[in-house]
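This is run-v9.pdb. It holds PDB, C-alpha atoms and all ligand atoms.
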```pdb
ATOM      1  CA  MET Q   1       0.000   0.000   0.000
ATOM      2  CA  ILE Q   2       1.379   3.395  -0.952
ATOM      3  CA  ILE Q   3       0.791   5.845   1.852
ATOM      4  CA  ASN Q   4       0.767   9.282   0.333
ATOM      5  CA  GLU Q   5      -0.444  12.659   1.540
ATOM      6  CA  THR Q   6      -3.846  12.207  -0.063
ATOM      7  CA  LEU Q   7      -4.461   8.895   1.679
ATOM      8  CA  TYR Q   8      -3.417  10.349   5.042
ATOM      9  CA  ARG Q   9      -5.789  13.252   4.543
ATOM     10  CA  GLU Q  10      -8.679  11.060   3.463
ATOM     11  CA  LEU Q  11      -8.121   8.674   6.389
ATOM     12  CA  SER Q  12      -7.939  11.473   8.952
ATOM     13  CA  LYS Q  13     -11.342  12.676   7.728
ATOM     14  CA  GLU Q  14     -12.787   9.288   8.719
ATOM     15  CA  ILE Q  15     -11.723   9.621  12.363
ATOM     16  CA  PRO Q  16     -14.913  11.246  13.723
ATOM     17  CA  GLU Q  17     -17.144   8.644  12.066
ATOM     18  CA  LEU Q  18     -14.946   5.715  13.198
ATOM     19  CA  GLU Q  19     -14.774   7.053  16.743
ATOM     20  CA  ARG Q  20     -18.557   7.348  16.791
ATOM     21  CA  GLU Q  21     -18.879   3.772  15.499
ATOM     22  CA  ILE Q  22     -16.515   2.432  18.168
ATOM     23  CA  ARG Q  23     -18.081   4.370  21.057
ATOM     24  CA  GLN Q  24     -21.559   3.308  19.971
ATOM     25  CA  PHE Q  25     -20.461  -0.327  19.840
ATOM     26  CA  TYR Q  26     -18.632  -0.110  23.181
ATOM     27  CA  LYS Q  27     -21.808   1.283  24.737
ATOM     28  CA  THR Q  28     -23.624  -1.947  23.829
ATOM     29  CA  LEU Q  29     -20.746  -3.957  25.337
ATOM     30  CA  ASP Q  30     -20.772  -1.752  28.462
ATOM     31  CA  GLN Q  31     -24.449  -2.611  28.913
ATOM     32  CA  LYS Q  32     -23.520  -6.316  28.974
ATOM     33  CA  THR Q  33     -20.497  -5.953  31.240
ATOM     34  CA  GLY Q  34     -21.414  -3.001  33.438
ATOM     35  CA  LEU Q  35     -18.056  -1.399  32.579
ATOM     36  CA  HIS Q  36     -17.280   2.009  31.047
ATOM     37  CA  GLY Q  37     -15.174   1.224  27.986
ATOM     38  CA  SER Q  38     -17.174   3.626  25.835
ATOM     39  CA  THR Q  39     -15.922   6.585  27.895
ATOM     40  CA  LEU Q  40     -12.186   5.868  27.498
ATOM     41  CA  PRO Q  41      -9.979   7.852  25.105
ATOM     42  CA  ILE Q  42      -9.708   6.395  21.596
ATOM     43  CA  THR Q  43      -6.709   7.354  19.483
ATOM     44  CA  PHE Q  44      -5.886   6.590  15.848
ATOM     45  CA  GLY Q  45      -2.646   6.137  13.970
ATOM     46  CA  TYR Q  46      -1.216   4.886  10.689
ATOM     47  CA  GLU Q  47       0.582   1.730  11.852
ATOM     48  CA  THR Q  48       1.158  -0.904   9.201
ATOM     49  CA  ASP Q  49       1.949  -3.727  11.659
ATOM     50  CA  VAL Q  50      -0.520  -3.129  14.524
ATOM     51  CA  VAL Q  51      -4.267  -3.227  13.924
ATOM     52  CA  GLY Q  52      -5.273  -2.072  17.371
ATOM     53  CA  SER Q  53      -4.208  -2.031  20.999
ATOM     54  CA  PHE Q  54      -5.341  -1.348  24.523
ATOM     55  CA  THR Q  55      -2.974   0.441  26.887
ATOM     56  CA  ARG Q  56      -3.513   0.647  30.617
ATOM     57  CA  SER Q  57      -0.420   2.611  31.618
ATOM     58  CA  ASP Q  58      -0.813   6.435  31.804
ATOM     59  CA  GLY Q  59      -4.579   6.005  31.881
ATOM     60  CA  SER Q  60      -6.445   3.412  29.851
ATOM     61  CA  CYS Q  61      -6.745   4.041  26.125
ATOM     62  CA  PHE Q  62      -7.807   2.280  22.936
ATOM     63  CA  HIS Q  63      -5.795   2.759  19.782
ATOM     64  CA  PHE Q  64      -6.520   1.687  16.197
ATOM     65  CA  SER Q  65      -4.704   1.947  12.901
ATOM     66  CA  LEU Q  66      -6.584   3.830  10.207
ATOM     67  CA  LEU Q  67      -4.730   1.809   7.593
ATOM     68  CA  PHE Q  68      -6.883  -1.155   8.664
ATOM     69  CA  LEU Q  69     -10.092   0.530   9.790
ATOM     70  CA  GLY Q  70     -10.436   3.177   7.121
ATOM     71  CA  SER Q  71     -12.877   2.720   4.263
ATOM     72  CA  CYS Q  72     -10.682   4.465   1.648
ATOM     73  CA  VAL Q  73      -7.862   1.877   1.812
ATOM     74  CA  PRO Q  74      -7.616  -1.003  -0.678
ATOM     75  CA  ASN Q  75      -9.625  -4.016   0.641
ATOM     76  CA  PRO Q  76     -11.245  -2.263   3.611
ATOM     77  CA  LEU Q  77     -12.404  -4.432   6.521
ATOM     78  CA  SER Q  78     -16.002  -5.577   6.696
ATOM     79  CA  ILE Q  79     -18.143  -4.327   9.576
ATOM     80  CA  SER Q  80     -18.028  -7.767  11.275
ATOM     81  CA  ASP Q  81     -14.215  -7.758  11.048
ATOM     82  CA  ARG Q  82     -14.101  -4.249  12.508
ATOM     83  CA  LYS Q  83     -16.444  -5.290  15.314
ATOM     84  CA  ASP Q  84     -14.328  -8.327  16.112
ATOM     85  CA  LEU Q  85     -11.299  -6.064  16.296
ATOM     86  CA  TYR Q  86     -13.170  -3.717  18.651
ATOM     87  CA  LYS Q  87     -14.202  -6.704  20.793
ATOM     88  CA  HIS Q  88     -10.636  -8.015  20.855
ATOM     89  CA  GLU Q  89      -9.370  -4.767  22.376
ATOM     90  CA  TYR Q  90     -12.403  -4.452  24.641
ATOM     91  CA  ALA Q  91     -11.600  -7.920  26.050
ATOM     92  CA  HIS Q  92      -8.132  -6.587  26.980
ATOM     93  CA  TYR Q  93      -9.856  -3.691  28.734
ATOM     94  CA  MET Q  94     -12.201  -6.137  30.542
ATOM     95  CA  GLU Q  95      -9.295  -8.252  31.743
ATOM     96  CA  ALA Q  96      -7.562  -5.154  33.116
ATOM     97  CA  THR Q  97     -10.721  -3.891  34.824
ATOM     98  CA  MET Q  98     -12.927  -6.817  35.875
ATOM     99  CA  HIS Q  99     -12.629  -9.424  38.550
ATOM    100  CA  ILE Q 100     -11.586 -12.643  36.759
ATOM    101  CA  PRO Q 101     -12.629 -15.818  38.636
ATOM    102  CA  VAL Q 102      -9.593 -17.794  39.755
ATOM    103  CA  GLU Q 103     -10.610 -20.845  37.695
ATOM    104  CA  TYR Q 104     -10.052 -18.828  34.493
ATOM    105  CA  ARG Q 105      -6.549 -17.730  35.409
ATOM    106  CA  PHE Q 106      -4.886 -21.061  34.636
ATOM    107  CA  ARG Q 107      -3.006 -19.925  31.510
ATOM    108  CA  PRO Q 108      -1.061 -16.641  31.819
ATOM    109  CA  GLY Q 109      -0.199 -14.290  28.989
ATOM    110  CA  LEU Q 110      -1.505 -11.284  27.062
ATOM    111  CA  HIS Q 111      -3.926 -13.607  25.263
ATOM    112  CA  GLY Q 112      -4.122 -16.163  28.075
ATOM    113  CA  SER Q 113      -7.155 -17.828  29.638
ATOM    114  CA  ALA Q 114      -8.270 -14.697  31.535
ATOM    115  CA  TRP Q 115      -8.444 -12.742  28.274
ATOM    116  CA  GLN Q 116     -10.172 -15.686  26.542
ATOM    117  CA  TYR Q 117     -12.710 -15.774  29.360
ATOM    118  CA  CYS Q 118     -13.449 -12.075  28.658
ATOM    119  CA  CYS Q 119     -13.779 -12.913  24.936
ATOM    120  CA  SER Q 120     -16.354 -15.571  25.826
ATOM    121  CA  LEU Q 121     -18.486 -12.984  27.660
ATOM    122  CA  ILE Q 122     -18.761 -10.682  24.637
ATOM    123  CA  GLY Q 123     -18.378 -13.201  21.782
ATOM    124  CA  ALA Q 124     -14.951 -12.061  20.577
ATOM    125  CA  ALA Q 125     -12.773 -14.393  18.507
ATOM    126  CA  PRO Q 126     -10.476 -15.855  21.195
ATOM    127  CA  THR Q 127      -7.385 -15.897  18.990
ATOM    128  CA  PRO Q 128      -4.460 -13.474  19.373
ATOM    129  CA  TYR Q 129      -3.963 -12.362  15.789
ATOM    130  CA  PHE Q 130      -6.304 -10.434  13.600
ATOM    131  CA  GLU Q 131      -7.479 -12.227  10.502
ATOM    132  CA  PRO Q 132     -10.347 -11.256   8.181
ATOM    133  CA  GLY Q 133     -13.415 -13.478   8.612
ATOM    134  CA  LYS Q 134     -12.754 -14.425  12.249
ATOM    135  CA  GLY Q 135     -15.651 -12.332  13.489
ATOM    136  CA  ASP Q 136     -18.132 -14.468  11.541
ATOM    137  CA  LYS Q 137     -17.068 -17.792  13.067
ATOM    138  CA  THR Q 138     -18.534 -19.401  16.158
ATOM    139  CA  TYR Q 139     -16.228 -20.526  18.911
ATOM    140  CA  ASP Q 140     -16.472 -23.313  21.466
ATOM    141  CA  TYR Q 141     -15.543 -21.269  24.528
ATOM    142  CA  ASP Q 142     -16.438 -24.067  26.957
ATOM    143  CA  ARG Q 143     -13.882 -26.347  25.374
ATOM    144  CA  LEU Q 144     -11.306 -23.590  25.361
ATOM    145  CA  LEU Q 145     -11.850 -22.842  29.049
ATOM    146  CA  LYS Q 146     -12.486 -26.403  30.164
ATOM    147  CA  LYS Q 147      -9.422 -26.660  32.388
ATOM    148  CA  LYS Q 148     -11.044 -27.457  35.708
ATOM    149  CA  PRO Q 149     -10.027 -25.671  38.889
ATOM    150  CA  PRO Q 150      -8.119 -27.808  41.398
ATOM    151  CA  LEU Q 151     -10.323 -29.933  43.674
ATOM    152  CA  HIS Q 152     -11.458 -28.418  46.946
ATOM    153  CA  PRO Q 153      -9.649 -30.196  49.846
ATOM    154  CA  SER Q 154     -12.865 -31.868  51.061
ATOM    155  CA  ALA Q 155     -13.624 -33.102  47.513
ATOM    156  CA  ALA Q 156     -10.079 -34.425  47.219
ATOM    157  CA  ALA Q 157     -10.478 -36.284  50.555
ATOM    158  CA  TYR Q 158     -13.790 -37.743  49.386
ATOM    159  CA  ARG Q 159     -12.227 -38.943  46.157
ATOM    160  CA  ALA Q 160      -9.321 -40.552  48.050
ATOM    161  CA  THR Q 161     -11.837 -42.397  50.259
ATOM    162  CA  GLN Q 162     -13.757 -43.597  47.202
ATOM    163  CA  GLU Q 163     -10.562 -44.815  45.566
ATOM    164  CA  ARG Q 164      -9.613 -46.671  48.742
ATOM    165  CA  LYS Q 165     -13.084 -48.238  48.884
ATOM    166  CA  ASN Q 166     -12.838 -49.328  45.263
ATOM    167  CA  LYS Q 167      -9.486 -50.908  45.980
ATOM    168  CA  ASP Q 168     -10.979 -52.611  49.012
ATOM    169  CA  ASN Q 169     -13.896 -53.879  46.937
ATOM    170  CA  SER Q 170     -11.541 -55.419  44.419
ATOM    171  CA  THR Q 171      -9.857 -57.564  47.091
ATOM    172  CA  VAL Q 172     -11.253 -61.086  46.964
ATOM    173  CA  LYS Q 173     -12.832 -61.900  50.314
ATOM    174  CA  PHE Q 174     -14.384 -65.265  49.526
ATOM    175  CA  GLN Q 175     -13.276 -68.739  48.507
ATOM    176  CA  ILE Q 176     -14.969 -71.183  46.181
ATOM    177  CA  GLY Q 177     -17.180 -73.386  48.332
ATOM    178  CA  ASP Q 178     -17.922 -70.676  50.930
ATOM    179  CA  THR Q 179     -21.495 -70.493  52.096
ATOM    180  CA  ILE Q 180     -23.032 -67.037  51.994
ATOM    181  CA  SER Q 181     -26.444 -65.573  52.735
ATOM    182  CA  HIS Q 182     -28.305 -63.173  50.514
ATOM    183  CA  PRO Q 183     -31.294 -61.057  51.607
ATOM    184  CA  LYS Q 184     -33.380 -62.202  48.624
ATOM    185  CA  TYR Q 185     -32.039 -65.590  47.498
ATOM    186  CA  GLY Q 186     -31.228 -66.973  50.959
ATOM    187  CA  GLU Q 187     -28.306 -69.309  51.480
ATOM    188  CA  GLY Q 188     -25.987 -70.241  48.626
ATOM    189  CA  THR Q 189     -22.573 -71.710  47.822
ATOM    190  CA  ILE Q 190     -19.909 -69.854  45.839
ATOM    191  CA  GLN Q 191     -19.125 -71.681  42.581
ATOM    192  CA  ASP Q 192     -16.848 -69.198  40.867
ATOM    193  CA  ILE Q 193     -14.915 -65.972  41.699
ATOM    194  CA  LYS Q 194     -13.978 -63.365  39.119
ATOM    195  CA  PRO Q 195     -11.927 -60.325  40.271
ATOM    196  CA  LEU Q 196     -12.758 -57.134  38.300
ATOM    197  CA  SER Q 197     -11.075 -53.703  38.337
ATOM    198  CA  SER Q 198     -13.131 -52.261  41.201
ATOM    199  CA  SER Q 199     -15.182 -55.225  42.417
ATOM    200  CA  VAL Q 200     -15.326 -59.004  42.640
ATOM    201  CA  ARG Q 201     -17.998 -60.979  40.818
ATOM    202  CA  LEU Q 202     -19.220 -64.163  42.420
ATOM    203  CA  SER Q 203     -21.232 -66.952  40.874
ATOM    204  CA  VAL Q 204     -23.385 -68.376  43.646
ATOM    205  CA  LEU Q 205     -25.612 -71.416  43.550
ATOM    206  CA  PHE Q 206     -28.815 -70.717  45.473
ATOM    207  CA  ARG Q 207     -31.838 -72.943  45.951
ATOM    208  CA  ASP Q 208     -33.442 -71.435  42.816
ATOM    209  CA  GLY Q 209     -30.345 -71.626  40.638
ATOM    210  CA  LEU Q 210     -27.079 -69.838  39.789
ATOM    211  CA  HIS Q 211     -26.806 -66.065  40.353
ATOM    212  CA  THR Q 212     -24.004 -63.628  39.607
ATOM    213  CA  LEU Q 213     -23.442 -61.128  42.412
ATOM    214  CA  ASP Q 214     -20.979 -58.461  43.493
ATOM    215  CA  GLN Q 215     -19.254 -59.425  46.727
ATOM    216  CA  THR Q 216     -20.023 -56.055  48.364
ATOM    217  CA  TRP Q 217     -23.697 -57.025  48.432
ATOM    218  CA  LEU Q 218     -23.086 -60.252  50.228
ATOM    219  CA  ILE Q 219     -22.889 -61.066  53.856
ATOM    220  CA  ARG Q 220     -20.541 -63.812  54.551
ATOM    221  CA  TYR Q 221     -22.250 -66.691  56.193
ATOM    222  CA  GLN Q 222     -20.465 -67.175  59.488
ATOM    223  CA  HIS Q 223     -20.478 -70.796  60.614
ATOM    224  CA  GLY Q 224     -21.363 -71.150  64.220
ATOM    225  CA  LEU Q 225     -22.784 -67.646  64.575
ATOM    226  CA  HIS Q 226     -26.384 -68.373  63.669
TER     227      HIS Q 226
HETATM  228 ZN    ZN T 301      -4.573  -8.543  21.739
END
```

Show how you would write the structure in this file as structure tokens.
Amino acid sequence: MIINETLYRELSKEIPELEREIRQFYKTLDQKTGLHGSTLPITFGYETDVVGSFTRSDGSCFHFSLLFLGSCVPNPLSISDRKDLYKHEYAHYMEATMHIPVEYRFRPGLHGSAWQYCCSLIGAAPTPYFEPGKGDKTYDYDRLLKKKPPLHPSAAAYRATQERKNKDNSTVKFQIGDTISHPKYGEGTIQDIKPLSSSVRLSVLFRDGLHTLDQTWLIRYQHGLH
């Protein structure tokens, strides 16, 4: 792209209209988020390598390159591309301003999980680099943010107990030929024992025939105790 005086002049004329477009759009995002992005300063430049940015030092500020946003450049951006760009920078503003739940802070970085979480709230493309057409795609934010927070200590203790129980259940506690009693089938004799990953399966011959049972459901028949 040749940047000459005429192009500069034409682009600078577009500033008021672009600023109005951005503020109007940020107002709709502010309504969703309860923030005040639409009141922040918006500056424009002629960068060839940066489409937009959000700065929080020296007061928060949005900045966009007219060489991308302007309508008098070759191949100007579509409105959905411009909006995605506005959302991208707004998500940076959100991350700097909002409380981000701890479970969404698992991946650090400028475009880390906290920023992606902000993107999910306003439907911004959760990818770091600008690319035409990204604003029209749909994104699976749940999958992107699926990293689960670490287990609460009580949940971790519960899981450890369950794992211990499972291990306990998989220990064979009977022998073939043992007599057992079952609340429904009555007395029976163990014919076969099959250890499984978290339980033990018993084949028991009762008065009405052969039944397959899990050993946890059985009460061992104690000779001499009845
Ligand atoms: Zn960015």

Closest contacts (chain Q/ligand ZN 301 (chain T), max 8 Å, only C-alpha atoms and all ligand atoms) as a tab-separated table:
```
residue	atom	partner	partner_atom	distance
Q:Gly52	CA	T:ZN301	ZN	7.8
Q:Ser53	CA	T:ZN301	ZN	6.6
Q:Phe54	CA	T:ZN301	ZN	7.8
Q:His88	CA	T:ZN301	ZN	6.1
Q:Glu89	CA	T:ZN301	ZN	6.1
Q:His92	CA	T:ZN301	ZN	6.6
Q:Leu110	CA	T:ZN301	ZN	6.7
Q:His111	CA	T:ZN301	ZN	6.2
Q:Pro128	CA	T:ZN301	ZN	5.5
Q:Tyr129	CA	T:ZN301	ZN	7.1
```

Residues as selected, C-alpha atoms, written as a PDB file, keeping the file's coordinate frame, can you do that?
```pdb
ATOM      1  CA  GLY Q  52      -5.273  -2.072  17.371  1.00  0.00           C
ATOM      2  CA  SER Q  53      -4.208  -2.031  20.999  1.00  0.00           C
ATOM      3  CA  PHE Q  54      -5.341  -1.348  24.523  1.00  0.00           C
ATOM      4  CA  HIS Q  88     -10.636  -8.015  20.855  1.00  0.00           C
ATOM      5  CA  GLU Q  89      -9.370  -4.767  22.376  1.00  0.00           C
ATOM      6  CA  HIS Q  92      -8.132  -6.587  26.980  1.00  0.00           C
ATOM      7  CA  LEU Q 110      -1.505 -11.284  27.062  1.00  0.00           C
ATOM      8  CA  HIS Q 111      -3.926 -13.607  25.263  1.00  0.00           C
ATOM      9  CA  PRO Q 128      -4.460 -13.474  19.373  1.00  0.00           C
ATOM     10  CA  TYR Q 129      -3.963 -12.362  15.789  1.00  0.00           C
TER      11      TYR Q 129
END
```

- Hey, can you check how far CA of Gln162 in chain Q sits from CA of Ser198 in chain Q?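 Calculated distance between CA of Gln162 in chain Q and CA of Ser198 in chain Q is 10.6 Å.
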
- May I ask for the distance between CA of Glu10 in chain Q and CA of Pro74 in chain Q, given in Å to one decimal place?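 Calculated distance between CA of Glu10 in chain Q and CA of Pro74 in chain Q is 12.8 Å.
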
- Query: Nearest to Met94 in chain Q among Q:Leu35, Q:Gly135, Q:Gly70, Q:Ser57, with distances taken over all atoms listed in the file: which residue is it?
  - Reply: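 Answer, going by the shortest atom-to-atom distance: Q:Leu35.
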
- For CA of Ile180 in chain Q and CA of Val204 in chain Q, quote the distance in Å rounded to one decimal. 8.5 Å

- Could you state which residues are captured by the PyMOL selection byres (((chain Q and resi 191) around 7) and not hetatm) in this file, as a list in words?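 On the file shown, the PyMOL selection byres (((chain Q and resi 191) around 7) and not hetatm) covers Ile176, Gly177, Thr189, Ile190, Asp192, Ser203, Val204 and Leu205 of chain Q.
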